[in-house]
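Quick look at my_file_6.cif (mmCIF, C-alpha atoms):
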```
data_upload
loop_
_atom_site.label_atom_id
_atom_site.label_comp_id
_atom_site.auth_asym_id
_atom_site.auth_seq_id
_atom_site.Cartn_x
_atom_site.Cartn_y
_atom_site.Cartn_z
CA MET O 1 43.54 67.85 87.82
CA GLN O 2 42.27 68.25 91.35
CA PHE O 3 44.14 66.67 94.25
CA THR O 4 43.67 66.81 97.96
CA THR O 5 46.75 67.60 100.00
CA LEU O 6 46.92 63.99 101.16
CA VAL O 7 46.70 62.55 97.66
CA SER O 8 49.29 65.02 96.35
CA PHE O 9 51.67 64.01 99.14
CA ALA O 10 51.08 60.33 98.50
CA LEU O 11 51.71 60.66 94.76
CA ALA O 12 54.85 62.69 95.30
CA THR O 13 56.13 60.13 97.82
CA ALA O 14 55.38 57.24 95.47
CA ALA O 15 57.18 58.98 92.61
CA PHE O 16 60.21 59.51 94.81
CA VAL O 17 60.28 55.89 95.92
CA HIS O 18 60.06 54.57 92.38
CA GLY O 19 62.53 57.07 90.98
CA ALA O 20 60.03 58.78 88.68
CA PRO O 21 60.48 62.51 88.03
CA VAL O 22 58.17 64.91 89.82
CA HIS O 23 57.24 67.80 87.53
CA LYS O 24 56.47 71.17 89.07
CA ARG O 25 54.57 73.84 87.20
CA ILE O 26 56.77 76.91 86.75
CA ALA O 27 54.64 80.03 86.78
CA GLN O 28 54.72 83.79 87.28
CA VAL O 29 52.49 86.79 87.92
CA ILE O 30 51.71 87.24 84.23
CA ALA O 31 50.03 90.65 84.70
CA ASP O 32 53.43 92.10 85.66
CA SER O 33 54.77 91.38 82.17
CA THR O 34 52.80 94.18 80.51
CA THR O 35 52.64 96.76 83.32
CA LYS O 36 55.44 98.94 81.93
CA TRP O 37 54.14 98.67 78.37
CA GLU O 38 50.70 99.70 79.59
CA ALA O 39 52.15 102.69 81.45
CA ALA O 40 53.96 103.77 78.29
CA CYS O 41 50.75 103.32 76.30
CA ASP O 42 48.77 105.40 78.79
CA ALA O 43 51.40 108.14 78.63
CA ALA O 44 51.20 108.08 74.84
CA GLY O 45 47.43 108.61 74.90
CA GLY O 46 46.32 105.09 74.03
CA GLY O 47 43.29 105.29 76.32
CA THR O 48 41.22 102.18 76.97
CA GLN O 49 43.03 100.27 74.23
CA CYS O 50 46.09 100.06 76.48
CA ASN O 51 44.40 97.91 79.12
CA GLN O 52 42.62 95.76 76.56
CA VAL O 53 45.80 94.93 74.64
CA ALA O 54 47.83 94.49 77.83
CA VAL O 55 45.57 91.87 79.38
CA ALA O 56 45.07 90.02 76.09
CA SER O 57 48.86 89.89 75.79
CA PHE O 58 49.79 88.65 79.23
CA GLY O 59 47.26 85.83 78.91
CA THR O 60 49.46 84.31 76.19
CA LEU O 61 52.12 83.54 78.80
CA LEU O 62 49.96 80.80 80.31
CA ALA O 63 50.68 77.19 79.45
CA ALA O 64 47.66 76.62 77.20
CA PRO O 65 48.11 79.13 74.31
CA GLY O 66 49.98 78.01 71.19
CA PRO O 67 53.68 78.70 70.60
CA CYS O 68 53.04 81.76 68.40
CA GLU O 69 50.36 83.45 70.51
CA GLN O 70 52.93 85.42 72.52
CA GLN O 71 54.56 86.72 69.34
CA ASN O 72 51.15 87.60 67.91
CA ALA O 73 50.38 89.54 71.08
CA ALA O 74 53.68 91.43 70.82
CA ASP O 75 52.74 92.26 67.21
CA ASN O 76 49.46 93.71 68.48
CA MET O 77 51.34 95.78 71.04
CA ILE O 78 53.57 97.21 68.32
CA ASP O 79 50.63 97.77 65.99
CA LEU O 80 49.09 100.03 68.63
CA ALA O 81 52.41 101.77 69.24
CA LYS O 82 52.62 102.64 65.56
CA THR O 83 49.25 104.36 65.74
CA LEU O 84 50.63 106.50 68.57
CA ASN O 85 53.45 108.19 66.65
CA ASN O 86 55.57 105.03 66.65
CA ASN O 87 56.01 105.34 70.41
CA ALA O 88 59.53 104.07 71.05
CA ASP O 89 58.96 102.97 74.64
CA MET O 90 55.91 100.91 73.69
CA ILE O 91 57.88 99.21 70.93
CA THR O 92 60.80 98.49 73.24
CA PHE O 93 58.60 97.02 75.94
CA ALA O 94 56.77 94.94 73.32
CA GLN O 95 60.12 93.57 72.15
CA ILE O 96 60.97 92.63 75.73
CA PHE O 97 57.53 91.10 76.27
CA ALA O 98 58.08 88.88 73.22
CA GLN O 99 61.06 87.40 75.09
CA GLN O 100 59.41 86.88 78.48
CA PRO O 101 59.49 83.20 79.54
CA ARG O 102 56.16 81.42 79.47
CA ASN O 103 54.64 79.22 82.14
CA SER O 104 55.75 75.61 81.89
CA PRO O 105 53.29 72.93 83.02
CA THR O 106 55.98 70.27 83.40
CA SER O 107 59.27 72.03 84.26
CA GLN O 108 60.31 71.54 80.65
CA SER O 109 61.35 74.20 78.16
CA VAL O 110 58.52 75.83 76.21
CA PRO O 111 58.55 75.42 72.40
CA TYR O 112 59.40 78.37 70.16
CA CYS O 113 57.18 79.93 67.51
CA GLN O 114 57.90 78.67 64.01
CA SER O 115 56.64 81.59 61.96
CA ALA O 116 57.78 85.14 61.23
CA PRO O 117 56.23 88.10 63.10
CA ARG O 118 54.19 90.76 61.30
CA ASN O 119 56.43 93.58 62.50
CA ALA O 120 60.12 93.75 61.60
CA GLU O 121 60.85 95.01 65.11
CA LEU O 122 60.29 91.46 66.37
CA ASN O 123 62.55 89.72 63.85
CA GLY O 124 65.03 87.40 65.55
CA LEU O 125 63.32 87.59 68.95
CA PHE O 126 62.18 84.55 70.93
CA GLN O 127 61.32 83.86 74.54
CA CYS O 128 63.85 83.11 77.25
CA GLN O 129 63.23 80.09 79.46
CA PHE O 130 63.04 79.96 83.25
CA GLN O 131 65.99 78.48 85.13
CA GLY O 132 63.80 75.67 86.44
CA ASP O 133 62.94 74.50 82.91
CA ASN O 134 64.74 71.40 81.69
CA PRO O 135 67.12 72.75 79.00
CA THR O 136 67.30 69.47 77.08
CA THR O 137 63.61 68.54 76.97
CA PHE O 138 60.68 70.62 75.76
CA VAL O 139 57.02 70.37 76.75
CA GLY O 140 55.63 67.17 75.29
CA GLY O 141 58.88 65.30 75.92
CA ILE O 142 60.53 66.65 72.75
CA ALA O 143 64.33 66.52 72.78
CA VAL O 144 66.44 69.44 71.58
CA GLY O 145 66.58 69.31 67.79
CA GLY O 146 62.96 68.24 67.50
CA SER O 147 60.05 70.29 66.24
CA GLY O 148 59.71 73.65 67.97
CA THR O 149 62.98 73.41 69.91
CA ILE O 150 64.90 75.82 67.65
CA PRO O 151 63.60 79.39 67.18
CA PHE O 152 62.29 80.43 63.76
CA GLY O 153 65.10 81.53 61.44
CA MET O 154 67.83 79.72 63.37
CA SER O 155 69.56 76.53 62.26
CA ALA O 156 71.05 75.48 65.60
CA HIS O 157 69.76 75.22 69.14
CA VAL O 158 69.89 78.23 71.45
CA ASN O 159 73.27 78.69 73.12
CA PRO O 160 73.39 79.16 76.04
CA ALA O 161 70.25 77.11 76.49
CA GLY O 162 67.34 79.15 77.80
CA SER O 163 68.80 82.50 76.77
CA CYS O 164 67.26 85.13 74.50
CA PRO O 165 68.56 88.34 72.87
CA ALA O 166 67.52 90.47 75.84
CA ASN O 167 69.26 88.10 78.28
CA PRO O 168 72.04 86.41 76.29
CA THR O 169 73.78 84.87 79.31
CA GLY O 170 71.14 82.19 79.90
CA PRO O 171 67.70 81.57 81.42
CA ILE O 172 66.22 83.88 84.06
CA ALA O 173 65.13 83.04 87.60
CA ASP O 174 61.76 81.30 87.94
CA GLY O 175 58.87 83.76 88.12
CA THR O 176 61.05 86.74 87.21
CA GLN O 177 59.92 89.41 84.77
CA LEU O 178 62.48 90.10 82.05
CA VAL O 179 61.37 93.73 81.87
CA ASP O 180 62.48 94.14 85.49
CA LEU O 181 65.97 92.91 84.59
CA THR O 182 66.64 94.94 81.48
CA GLN O 183 65.31 97.82 79.40
CA ASN O 184 67.35 96.66 76.39
CA PRO O 185 65.58 94.17 74.11
CA GLY O 186 68.87 93.13 72.56
CA VAL O 187 68.15 94.50 69.09
CA GLY O 188 68.94 97.84 67.50
CA GLY O 189 70.55 99.20 70.64
CA THR O 190 67.21 100.55 71.85
CA THR O 191 66.27 101.08 75.46
CA ALA O 192 63.18 102.46 77.15
CA SER O 193 63.18 105.92 78.67
CA ASN O 194 62.92 106.21 82.43
CA LYS O 195 59.69 108.19 82.32
CA THR O 196 57.54 105.23 81.33
CA THR O 197 58.98 102.45 83.45
CA GLY O 198 56.59 102.97 86.33
CA GLY O 199 53.66 100.73 87.15
CA SER O 200 49.98 101.15 86.48
CA ASN O 201 47.16 100.97 88.96
CA SER O 202 45.04 98.84 86.64
CA THR O 203 47.34 96.18 85.33
CA SER O 204 44.64 93.76 84.25
CA THR O 205 41.59 94.94 82.38
CA VAL O 206 39.30 93.06 80.03
CA VAL O 207 36.38 94.75 78.33
CA THR O 208 33.53 92.31 78.38
CA SER O 209 29.83 91.96 77.90
CA SER O 210 29.35 88.41 79.10
CA PRO O 211 31.93 86.61 81.23
CA ILE O 212 30.48 83.18 81.94
CA PRO O 213 31.12 82.07 85.51
CA SER O 214 29.95 78.58 86.46
CA SER O 215 30.53 75.99 89.11
CA GLY O 216 32.52 72.85 88.54
CA SER O 217 35.51 70.64 88.98
CA SER O 218 39.25 71.20 88.74
CA SER O 219 41.83 73.72 89.98
CA ASP O 220 45.23 74.95 88.86
CA SER O 221 48.03 74.10 91.26
CA ASP O 222 51.74 73.42 91.39
CA CYS O 223 51.02 69.73 90.99
CA GLU O 224 51.97 68.02 87.74
CA GLU O 225 49.72 69.03 84.87
CA ASP O 226 48.66 66.32 82.45
CA PRO O 227 49.09 67.64 78.88
CA THR O 228 46.56 65.05 77.67
CA GLU O 229 43.88 65.90 80.22
CA SER O 230 40.51 66.53 78.60
CA THR O 231 38.63 69.76 79.15
CA PRO O 232 35.66 69.38 81.51
CA THR O 233 32.30 69.93 79.86
CA ALA O 234 29.07 71.20 81.38
CA SER O 235 25.88 69.21 81.49
CA PRO O 236 22.90 70.48 79.43
CA THR O 237 21.30 71.81 82.61
CA MET O 238 24.46 73.61 83.65
CA ALA O 239 24.97 74.97 80.12
CA ALA O 240 21.48 76.44 80.23
CA SER O 241 22.17 78.17 83.53
CA ILE O 242 25.45 79.50 82.18
CA ALA O 243 23.68 80.92 79.14
CA ALA O 244 21.15 82.60 81.41
CA ALA O 245 23.95 84.12 83.48
CA ALA O 246 25.63 85.39 80.32
CA ALA O 247 22.40 86.96 79.10
CA SER O 248 21.89 88.72 82.42
CA ALA O 249 25.41 90.20 82.19
CA MET O 250 24.82 91.77 78.78
CA PRO O 251 24.54 95.55 78.83
CA SER O 252 20.87 96.30 79.40
CA SER O 253 20.88 99.54 77.39
CA THR O 254 22.43 100.45 74.07
CA SER O 255 21.20 104.03 74.03
CA GLY O 256 23.23 107.08 74.98
CA ASN O 257 21.96 106.72 78.55
CA PHE O 258 24.07 103.65 79.30
CA LYS O 259 25.91 104.70 82.46
CA LEU O 260 23.36 103.40 84.97
CA ALA O 261 23.00 100.15 83.01
CA ASN O 262 26.78 99.73 83.03
CA GLY O 263 26.90 100.18 86.79
CA GLN O 264 24.12 97.66 87.35
CA ASP O 265 25.72 95.18 84.95
CA ALA O 266 29.03 95.50 86.82
CA GLN O 267 27.21 94.77 90.07
CA LYS O 268 25.65 91.64 88.55
CA LEU O 269 29.05 90.38 87.46
CA ASN O 270 30.62 91.07 90.85
CA LYS O 271 27.81 89.15 92.51
CA GLN O 272 28.43 86.20 90.19
CA PHE O 273 32.18 86.41 90.79
CA ALA O 274 31.63 86.27 94.55
CA ALA O 275 30.24 82.75 94.14
CA LEU O 276 33.26 81.49 92.17
CA THR O 277 36.08 79.43 93.65
CA ALA O 278 39.35 78.09 92.29
CA THR O 279 37.53 74.84 91.49
CA SER O 280 34.72 76.40 89.46
CA LEU O 281 34.16 75.06 85.96
CA CYS O 282 34.57 77.67 83.23
CA THR O 283 34.54 78.18 79.49
CA GLU O 284 37.89 78.47 77.67
CA GLY O 285 39.09 82.05 77.29
CA ASN O 286 36.65 83.64 79.73
CA ASN O 287 37.90 86.04 82.38
CA ALA O 288 36.57 86.63 85.88
CA CYS O 289 37.51 87.54 89.44
CA VAL O 290 38.12 84.70 91.89
CA ASP O 291 38.85 85.49 95.54
CA SER O 292 39.88 89.05 94.59
CA ALA O 293 42.37 87.76 91.99
CA PHE O 294 42.18 88.20 88.22
CA ALA O 295 41.32 84.85 86.62
CA GLN O 296 41.45 83.45 83.11
CA CYS O 297 39.89 80.15 82.07
CA VAL O 298 42.45 77.72 80.68
CA GLY O 299 41.52 74.12 79.97
CA GLY O 300 38.21 74.41 81.80
CA THR O 301 39.82 75.76 84.98
CA TYR O 302 40.36 79.27 86.28
CA VAL O 303 44.04 80.21 86.53
CA THR O 304 44.33 83.10 88.97
CA GLN O 305 46.83 85.93 89.08
CA SER O 306 47.17 88.11 92.16
CA CYS O 307 46.37 91.77 91.60
CA GLY O 308 49.05 92.86 94.05
CA SER O 309 49.09 94.49 97.44
CA GLY O 310 46.10 96.71 98.16
CA LEU O 311 44.28 95.82 94.93
CA ILE O 312 41.26 93.65 94.18
CA CYS O 313 39.79 92.28 90.99
CA ALA O 314 36.39 93.70 90.13
CA ALA O 315 33.99 94.30 87.26
CA LEU O 316 33.68 98.02 86.58
CA PRO O 317 31.35 100.05 84.35
CA LEU O 318 32.75 101.54 81.17
CA VAL O 319 32.53 105.33 81.01
CA ASN O 320 32.24 106.18 77.31
CA SER O 321 30.29 103.24 75.93
CA ALA O 322 27.97 100.44 76.98
CA GLY O 323 29.68 97.54 78.71
CA THR O 324 31.88 96.56 81.62
CA SER O 325 35.53 95.75 82.24
CA ILE O 326 37.31 93.34 84.55
CA THR O 327 40.27 94.98 86.20
CA CYS O 328 42.58 95.15 89.18
CA THR O 329 41.86 98.27 91.22
CA THR O 330 41.35 99.44 94.78
CA ASN O 331 38.13 98.68 96.61
CA ALA O 332 37.50 102.40 97.06
CA ASP O 333 37.95 103.09 93.35
CA ALA O 334 35.58 100.28 92.38
CA LEU O 335 32.92 101.55 94.76
CA ALA O 336 33.31 105.12 93.50
CA ARG O 337 33.05 104.15 89.83
CA ILE O 338 29.91 102.13 90.35
CA ALA O 339 28.34 104.83 92.51
CA ALA O 340 29.12 107.44 89.84
CA THR O 341 26.75 105.65 87.45
CA GLY O 342 23.84 106.07 89.87
CA ALA O 343 23.75 102.36 90.73
CA GLN O 344 23.10 101.72 94.43
CA GLY O 345 24.20 98.85 96.65
CA GLY O 346 27.98 98.88 96.36
CA LEU O 347 29.95 96.29 94.39
CA THR O 348 27.25 93.68 94.18
CA GLY O 349 24.01 95.68 94.27
#
```
Rewrite the structure from the file as structure tokens, please.
Amino acid sequence: MQFTTLVSFALATAAFVHGAPVHKRIAQVIADSTTKWEAACDAAGGGTQCNQVAVASFGTLLAAPGPCEQQNAADNMIDLAKTLNNNADMITFAQIFAQQPRNSPTSQSVPYCQSAPRNAELNGLFQCQFQGDNPTTFVGGIAVGGSGTIPFGMSAHVNPAGSCPANPTGPIADGTQLVDLTQNPGVGGTTASNKTTGGSNSTSTVVTSSPIPSSGSSSDSDCEEDPTESTPTASPTMAASIAAAAASAMPSSTSGNFKLANGQDAQKLNKQFAALTATSLCTEGNNACVDSAFAQCVGGTYVTQSCGSGLICAALPLVNSAGTSITCTTNADALARIAATGAQGGLTG
């Protein structure tokens, strides 16, 4: 939903006067949730897979994905760890990620997954809740004891409410990353080694051939989100222009000489991203850069995540294959990578 400041104030005032609850979206910098896992993956030799899995995983912490998407992402993180000599740090950080609180659109607790994970390392794990989440009511107005309010494999509600194995004392502070509070996932007595707990300079990367930026309607904010709100749809004319933009972003060469094409394709994407705003219409699941922030389309609206101090979001050329990636990096690094392909004209050509 899109509100002006005046309308938001008026609605909030009216709700206060009539005694109705005012729901605030509880969010976080989701890219921070996989930074340590990605650093461990890089150290283990995971290469480009590390960034791809990391960004796909942290996107599951948004409000829109289903209750088991976060667990599925943690399974993917462990699957990759097992291909890298069962890297213990990657497994530990995946276990902690599986317990990271998710964004709540209504200040209510987020439902738990109701199926078993693929990997035994995730058995018995479920997400913590943020302290601002209502401990007695789950998203959708479901009371404790209802569907999805008790983690898979348990027969009673979580006690203390909002806790998880990695933080058994209760919920964690709003916006906090569990991995910054503990290196112990609460199972098997495992902890991560100190050598892989550092950050990564590219915490958000998506390999892509056709992000689909478009102009449109609503924006994500801390105002109340309507769980029943319909997803905006593009008109036939707009859909045609979106398809044309997607086609122009496809790698223009599939031969071994793809580096220049990659650089030029990255420039095209950056030029398209420069025209996007927080109110631009988008297609579910697409990723982009909006005002130098990493953005993911959820419910027809771009949800942005800051890249952090000194970093920008940009499309970059892949080095070893045809295509581009969307990542958080420095402006100097982005310029250097594009220039290295032979493409001229800076970020946008």
Next item on the list: Evaluate the PyMOL selection byres ((chain O and resi 92) around 9) on the structure here and hand back the selected residues as a PyMOL selection string.
Entry: chain O and resi 37+78+87-91+93-97+121+183-185+190-192
Kindly save the residues from that selection, with C-alpha atoms included, as an mmCIF file, in the frame of the given file.
```cif
data_model
loop_
_atom_site.group_PDB
_atom_site.id
_atom_site.type_symbol
_atom_site.label_atom_id
_atom_site.label_comp_id
_atom_site.auth_asym_id
_atom_site.auth_seq_id
_atom_site.Cartn_x
_atom_site.Cartn_y
_atom_site.Cartn_z
ATOM 1 C CA TRP O 37 54.140 98.670 78.370
ATOM 2 C CA ILE O 78 53.570 97.210 68.320
ATOM 3 C CA ASN O 87 56.010 105.340 70.410
ATOM 4 C CA ALA O 88 59.530 104.070 71.050
ATOM 5 C CA ASP O 89 58.960 102.970 74.640
ATOM 6 C CA MET O 90 55.910 100.910 73.690
ATOM 7 C CA ILE O 91 57.880 99.210 70.930
ATOM 8 C CA PHE O 93 58.600 97.020 75.940
ATOM 9 C CA ALA O 94 56.770 94.940 73.320
ATOM 10 C CA GLN O 95 60.120 93.570 72.150
ATOM 11 C CA ILE O 96 60.970 92.630 75.730
ATOM 12 C CA PHE O 97 57.530 91.100 76.270
ATOM 13 C CA GLU O 121 60.850 95.010 65.110
ATOM 14 C CA GLN O 183 65.310 97.820 79.400
ATOM 15 C CA ASN O 184 67.350 96.660 76.390
ATOM 16 C CA PRO O 185 65.580 94.170 74.110
ATOM 17 C CA THR O 190 67.210 100.550 71.850
ATOM 18 C CA THR O 191 66.270 101.080 75.460
ATOM 19 C CA ALA O 192 63.180 102.460 77.150
#
```
Item checked: Exercise: O:Ile312 partners within 12 Å, all atoms listed in the file, chain neighbours under 3 positions left out, as a VMD selection string -> chain O and resid 201 to 205 270 288 to 295 305 to 309 315 to 316 326 to 335 347
Next item on the list: For the file shown, report as an MDAnalysis selection string the outcome of the PyMOL selection byres ((chain O and resi 151-162) around 6) at residue level.
Entry: chainID O and resid 112 114 128:129 135 150 163 170:171
Notebook entry, point to check: Looking at O:Glu69, O:Gly47, O:Pro105, O:Gln99, which one is nearest to O:Asn320, with distances taken over only C-alpha atoms?
Noted result: O:Gly47
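Residues in contact with O:Ala116 at up to 10 Å, not including ones fewer than 2 positions away on its chain and judged by all atoms listed in the file, are Cys68, Gln71, Asn72, Cys113, Gln114, Arg118, Asn119, Ala120, Leu122, Asn123, Gly124, Leu125, Phe152 and Gly153 of chain O.
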Please evaluate the PyMOL selection byres ((chain O and resi 165) around 7) against the displayed coordinates and give the resulting residues as a compact mmCIF listing (two decimals) with C-alpha atoms, keeping the file's coordinate frame.
```
# COMPACT_ATOMS: atom_id res chain seq x y z
CA LEU O 125 63.32 87.59 68.95
CA CYS O 164 67.26 85.13 74.50
CA ALA O 166 67.52 90.47 75.84
CA ASN O 167 69.26 88.10 78.28
CA PRO O 168 72.04 86.41 76.29
CA PRO O 185 65.58 94.17 74.11
CA GLY O 186 68.87 93.13 72.56
```
Notebook entry, point to check: Residues around (27.9, 105.5, 76.6), cut-off 7 Å, counting only C-alpha atoms - what are they as a list in words?
Noted result: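 Final list of nearby residues, as requested, is Gly256, Asn257, Phe258, Lys259, Val319, Asn320, Ser321 and Ala322 of chain O.
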Notebook entry, point to check: In Å, with one decimal, what is the gap from atom CA of O:Ser107 to atom CA of O:Ser280?
Noted result: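 If I compute the distance from atom CA of O:Ser107 to atom CA of O:Ser280, I get 25.5 Å.
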Check: Near stretch 344-346 of chain O, counting only C-alpha atoms, which residues have an atom at most 10 Å away, once you skip same-chain residues fewer than 3 positions from it, shown as a ChimeraX atom specification?
Finding: /O:260,263-264,267,270,334-341,349
Selection file, C-alpha atoms, as a JSON list (two decimals), in the frame of the given file:
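Generated output (selection-v8.json):
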```
[["chain", "number", "residue", "atom", "x", "y", "z"],
["O", 260, "LEU", "CA", 23.36, 103.40, 84.97],
["O", 263, "GLY", "CA", 26.90, 100.18, 86.79],
["O", 264, "GLN", "CA", 24.12, 97.66, 87.35],
["O", 267, "GLN", "CA", 27.21, 94.77, 90.07],
["O", 270, "ASN", "CA", 30.62, 91.07, 90.85],
["O", 334, "ALA", "CA", 35.58, 100.28, 92.38],
["O", 335, "LEU", "CA", 32.92, 101.55, 94.76],
["O", 336, "ALA", "CA", 33.31, 105.12, 93.50],
["O", 337, "ARG", "CA", 33.05, 104.15, 89.83],
["O", 338, "ILE", "CA", 29.91, 102.13, 90.35],
["O", 339, "ALA", "CA", 28.34, 104.83, 92.51],
["O", 340, "ALA", "CA", 29.12, 107.44, 89.84],
["O", 341, "THR", "CA", 26.75, 105.65, 87.45],
["O", 349, "GLY", "CA", 24.01, 95.68, 94.27]]
```
Next item on the list: To one decimal in Å, tell me the separation between atom CA of O:Ser104 and atom CA of O:Arg25.
Entry: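 Rounded to one decimal, the two atoms are 5.7 Å apart.
Nearest to O:Gln49 of all the residues O:Thr149, O:Gln131, O:Ser325, O:Asn287 is O:Ser325, counting all atoms listed in the file.
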Notebook entry, point to check: How many Å separate atom CA of O:Ala173 from atom CA of O:Gln100?
Noted result: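 Value for the atom CA of O:Ala173-atom CA of O:Gln100 distance: 11.4 Å.
Closest approach to O:Thr35 among O:Leu178, O:Val298, O:Leu276, O:Val139 is made by O:Leu178 (distances from all atoms listed in the file).
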Next item on the list: Kindly provide, as a ChimeraX atom specification, the polymer residues lying within 7 Å of (44.3, 73.9, 76.3), counting all atoms listed in the file and using the coordinates exactly as they appear in the file.
Entry: /O:64-65,298-299
Selection above as a file: C-alpha atoms, as a PDB file, in the coordinates of the input:
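Full text of selection.pdb as output:
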```
ATOM      1  CA  ALA O  64      47.660  76.620  77.200  1.00  0.00           C
ATOM      2  CA  PRO O  65      48.110  79.130  74.310  1.00  0.00           C
ATOM      3  CA  VAL O 298      42.450  77.720  80.680  1.00  0.00           C
ATOM      4  CA  GLY O 299      41.520  74.120  79.970  1.00  0.00           C
TER       5      GLY O 299
END
```
Next item on the list: Could you check which of O:Gln127, O:Gln177, O:Asn103, O:Gln70 is closest to O:Lys36, using all atoms listed in the file?
Entry: O:Gln177
Notebook entry, point to check: With only C-alpha atoms as the atoms that count, which of O:Thr324, O:Thr106, O:Asn85, O:Gln28 lies nearest to O:Gln52?
Noted result: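 For O:Gln52, the nearest of the given residues is O:Thr324.
Compared by their closest atoms to O:Gln296, and using all atoms listed in the file, the residues O:Thr283, O:Asn86, O:Ser147, O:Thr182 rank with O:Thr283 nearest.
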Note to self: Taking 2 positions as the minimum chain separation for residues in the same chain, which residues sit within 9 Å of O:Leu84 when counting all atoms listed in the file? Answer as a list in words.
What the structure shows: Cys41, Ala44, Gly45, Gly46, Leu80, Ala81, Lys82, Asn86 and Asn87 of chain O
Dump C-alpha atoms for the selected residues as a CSV table (one decimal), in the frame of the given file?
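And here is the file that came out, again17.csv:
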```csv
chain,number,residue,atom,x,y,z
O,41,CYS,CA,50.8,103.3,76.3
O,44,ALA,CA,51.2,108.1,74.8
O,45,GLY,CA,47.4,108.6,74.9
O,46,GLY,CA,46.3,105.1,74.0
O,80,LEU,CA,49.1,100.0,68.6
O,81,ALA,CA,52.4,101.8,69.2
O,82,LYS,CA,52.6,102.6,65.6
O,86,ASN,CA,55.6,105.0,66.6
O,87,ASN,CA,56.0,105.3,70.4
```
Expected axis-aligned box over every listed atom of stretch 134-139 of chain O, 5 Å added per side, centre plus edges in Å to one decimal, as AutoDock Vina command-line options:
```
--center_x 62.2 --center_y 70.6 --center_z 78.7 --size_x 20.3 --size_y 14.2 --size_z 15.9
```
